[in-house]
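Report on the following structure.
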Amino acid sequence: MALRKVIGTETEYGIAVRADPDFNPALGSAMVVNSYPGPRVRVQWSYEEETPGRDARGFGHEGYGVSDPEGTLVNAVLANGARLYVDHAHPEYSGPETWDPLEAALYDKAGESVMHRAATSATERLGGTRLALYKNNSDGKGNSYGAHENYLLSRATPFGDVIRYAMTFLVTRQLFTGAGKVGSENGRPAVDFQLTQRADFFEEEVGLETTLKRPIVNTRDEPHGDSTKYRRLHVIVGDANLSEVQTFLKLGTTALVLSALEDGALPDPLDLADPVTACWNVSHDLSFRRPLDLDGGGSATALELQWRYYEWLAKYVEKELDEPVWNRVLSEWHSVLNDMETDPALLADRLDWAVKRRLFERYVNRDGLAWSDSKLRALDLQYHDVDPDRGLYHRLAARGDVRRLFTDEEVGHAECAPPERTRAYFRGRCVTDFADSLVAANWDSLVFDLGETHLRRVPMMEPMRGTRDLVGDLLDNVDSASDLIQMLGDQ
Amino acid sequence: MAEQERSRSRGRDEETEEVEDLEVTTEESEADLEELDDLLDEIDSVLEENAEEFVKNYVQKGGE
């Protein structure tokens, strides 16, 4: 049986202060993190266990692994188990480890709420000068910032298999993972509108980089857990989605592919002849009919290739997985592929690119706007504003024009309480209960200051321990961090 | 699975309407457009002022 696909998302948010175009984005991002009014602890993020320069293909990389000084200074762990920090010049929300794609989508959405409250509070500190945050991935001028996904894999899974099976899937899933974008960037052919924010920036098939020459399959080998048992697949070829359905679908389908791969349940992969060019072409093709050349001859459209994956995974779920969440993934997936085939306009109630396209096309047809008009580019940015009054996604969702999976209450709860079936539970509870003693954190450890000569480090190398089942009673029955450390030591 | 059934039949219904009763379809799509235009009006009321300057100044460097 495949290893549970524990999932987490990381999103860098765009930042702007309109009244002061020269503001320093790194300082602004630090202000966002420090202004967040919800339960959180400012910590030292220890890099001891982080190895971003280690390559899954088996070689190291000199020059990586040096900690980002800004990142170590401005770091908070939230009561929901997430990390809120400054990554270069962006505020970043790295969601907690979650048990399934539905929970992962919920905690990803809670990140928007975190960012909105932090931005509101930062705006107050700036004397009312509005600091705005955008959940997007491009400034439209050749600069991109990431929305990454993380999936737990078994160390026993050969990485070469991951590369082969994931490549075609990651390129073609853009049909339903894209957040939409007016125009093209980074020297790609001119288009009016395309499916994704990120495709234009991918230039390699496989590699370690995330900021230049971005690869479709990223090989960062940093498991954030016991490296003899686990891998973490770090997926960087995706957009940040506002649509809850879309985030769920993106994470759910990808987790299924990886799970089936580990169970040996996939037939031979269908390799693309040129994955990088295909990556751009899928994003640029609004007809959904453009054939992609396959390795070894022949061709297929992205939609046809997605149907193949759907059929394989539908069989796999029927045979191997009995949790209802996987049938829900299949159901949304089927419906999206079906609508794309019948009439892509039907997707305007659940895919970000389709929502945008419906609005922008009407402006073009009704008002005679050119696709390059500043108004459409402004709307393209404003769609992603996390402020519910200003963000176009949020206004459409509030009107019921975009289908949601979660209520505001559920999102509000997820902002303050951790998932219960991963180690994020332990981390989040410690933030709530022992904030004064918590001094450093990482994905796989917490460090407490108990007023002794030495700090106490609690290792958390197992992503599926530290759950409510395992430590809930213990946490309910201790009065202090000292008691907690003592009890953990006795166990 | 209910979702699949619903979307399939939705696609079919629309095709049928187009063939059998063009007038109804036109009226419906006009109503759709009217609703869409209401939405566009709402969007225009919250659109950032001076779109050109807004877009020009939105520059993001560094990340990932």
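Order determines the names: the first chain of the structure tokens is A, the second B, and so forth; residues in each chain are numbered 1 upward, and ligands are numbered 1 upward as they are shown.
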
Using only C-alpha atoms, determine which residues lie at most 6 Å from region 88-92 of chain A, disregarding the query and same-chain residues fewer than 5 positions distant; provide the list as an MDAnalysis selection string.
(chainID A and resid 11:13 25:26 29) or (chainID B and resid 62:63)

Next, the residues of the selection above should be written as a PDB file, in the first residue's frame with C-alpha atoms.
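What landed in out_32.pdb:
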ATOM      1  CA  THR A  11       2.415  30.435  -1.393  1.00  0.00           C
ATOM      2  CA  GLU A  12       4.375  33.632  -1.893  1.00  0.00           C
ATOM      3  CA  TYR A  13       2.087  36.641  -2.128  1.00  0.00           C
ATOM      4  CA  PRO A  25       9.081  45.001  -0.496  1.00  0.00           C
ATOM      5  CA  ALA A  26      11.336  43.095   1.931  1.00  0.00           C
ATOM      6  CA  SER A  29       6.798  41.799   3.872  1.00  0.00           C
TER       7      SER A  29
ATOM      8  CA  GLY B  62      12.809  38.182  -5.884  1.00  0.00           C
ATOM      9  CA  GLY B  63      11.054  35.076  -4.744  1.00  0.00           C
TER      10      GLY B  63
END

Compile a residue-level contact table for chain B against chain A at a cut-off of 6 Å, reporting for every qualifying residue the shortest atom pair and its distance in Å to one decimal, with only C-alpha atoms counted, rows ordered by chain and ascending number, as JSON lines.
{"residue": "B:Met1", "atom": "CA", "partner": "A:Ser331", "partner_atom": "CA", "distance": 5.6}
{"residue": "B:Gln4", "atom": "CA", "partner": "A:Ser335", "partner_atom": "CA", "distance": 5.2}
{"residue": "B:Ala51", "atom": "CA", "partner": "A:Lys375", "partner_atom": "CA", "distance": 5.5}
{"residue": "B:Glu52", "atom": "CA", "partner": "A:Ser374", "partner_atom": "CA", "distance": 5.1}
{"residue": "B:Val55", "atom": "CA", "partner": "A:Ala378", "partner_atom": "CA", "distance": 5.7}
{"residue": "B:Val59", "atom": "CA", "partner": "A:Asp139", "partner_atom": "CA", "distance": 5.7}
{"residue": "B:Gln60", "atom": "CA", "partner": "A:Asp139", "partner_atom": "CA", "distance": 5.9}
{"residue": "B:Gly62", "atom": "CA", "partner": "A:Ala89", "partner_atom": "CA", "distance": 5.6}
{"residue": "B:Gly63", "atom": "CA", "partner": "A:Tyr145", "partner_atom": "CA", "distance": 5.0}
{"residue": "B:Glu64", "atom": "CA", "partner": "A:Gly146", "partner_atom": "CA", "distance": 5.4}

Could you please take those selected residues and save C-alpha atoms as a short mmCIF file (atom, residue, chain, number, x, y, z; two decimals), in the first residue's frame?
data_model
loop_
_atom_site.label_atom_id
_atom_site.label_comp_id
_atom_site.auth_asym_id
_atom_site.auth_seq_id
_atom_site.Cartn_x
_atom_site.Cartn_y
_atom_site.Cartn_z
CA MET B 1 -21.01 10.80 -9.32
CA GLN B 4 -20.91 14.03 -13.42
CA ALA B 51 -5.41 51.32 -14.07
CA GLU B 52 -2.41 52.24 -16.18
CA VAL B 55 -0.28 48.10 -13.63
CA VAL B 59 6.65 45.14 -10.03
CA GLN B 60 7.69 42.10 -7.98
CA GLY B 62 12.81 38.18 -5.88
CA GLY B 63 11.05 35.08 -4.74
CA GLU B 64 10.98 31.30 -4.48
#

For the atom pair CA of Asn80 (chain A) and CA of Leu470 (chain A), what is the interatomic distance in Å to one decimal place?
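CA of Leu470 (chain A) lies at a distance of 17.4 Å from CA of Asn80 (chain A).
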
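Comparing A:Tyr316, A:Trp307, A:Tyr36, A:Phe193 by their smallest distance to Thr123 (chain A), the closest is A:Tyr36 (using only C-alpha atoms).
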
Taking 3 positions as the minimum chain separation for residues in the same chain, which residues sit within 6 Å of region 43-45 of chain A when counting only C-alpha atoms? Answer as a list in words.
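That gives Thr72, Asn75, Ala76, Val439, Ala440, Ala441 and Asn442 of chain A.
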
Looking only at the backbone, which of the residues in region 163-282 of chain A does DSSP tag as helix (DSSP H, G or I), as a PyMOL selection string?
chain A and resi 163-172+174-177+199-201+244-262+275-282

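The gap separating CA of Gly400 (chain A) from CA of Tyr107 (chain A) is 21.2 Å, in Å to one decimal.
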
Enumerate, as a ChimeraX atom specification, the complete set of residues in region 406-446 of chain A that a backbone-based DSSP assignment places in strand (DSSP E or B).
/A:438-442,445-446

I need the residues from that last selection saved to file as an mmCIF file, in the first residue's frame (with N, CA and C atoms), if you can.
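Printed below is selection.cif as written:
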data_model
loop_
_atom_site.group_PDB
_atom_site.id
_atom_site.type_symbol
_atom_site.label_atom_id
_atom_site.label_comp_id
_atom_site.auth_asym_id
_atom_site.auth_seq_id
_atom_site.Cartn_x
_atom_site.Cartn_y
_atom_site.Cartn_z
ATOM 1 N N LEU A 438 8.266 28.635 23.531
ATOM 2 C CA LEU A 438 8.684 28.170 22.205
ATOM 3 C C LEU A 438 9.633 29.194 21.576
ATOM 4 N N VAL A 439 10.869 28.789 21.283
ATOM 5 C CA VAL A 439 11.840 29.765 20.770
ATOM 6 C C VAL A 439 12.310 29.476 19.342
ATOM 7 N N ALA A 440 12.232 28.238 18.929
ATOM 8 C CA ALA A 440 12.661 27.920 17.568
ATOM 9 C C ALA A 440 11.809 26.780 17.031
ATOM 10 N N ALA A 441 11.703 26.752 15.721
ATOM 11 C CA ALA A 441 10.868 25.723 15.102
ATOM 12 C C ALA A 441 11.416 25.376 13.736
ATOM 13 N N ASN A 442 11.026 24.219 13.289
ATOM 14 C CA ASN A 442 11.285 23.794 11.929
ATOM 15 C C ASN A 442 10.160 22.818 11.628
ATOM 16 N N SER A 445 10.975 19.806 13.974
ATOM 17 C CA SER A 445 11.343 19.923 15.384
ATOM 18 C C SER A 445 10.774 21.210 15.984
ATOM 19 N N LEU A 446 10.678 21.213 17.308
ATOM 20 C CA LEU A 446 10.351 22.429 18.053
ATOM 21 C C LEU A 446 11.403 22.562 19.146
#
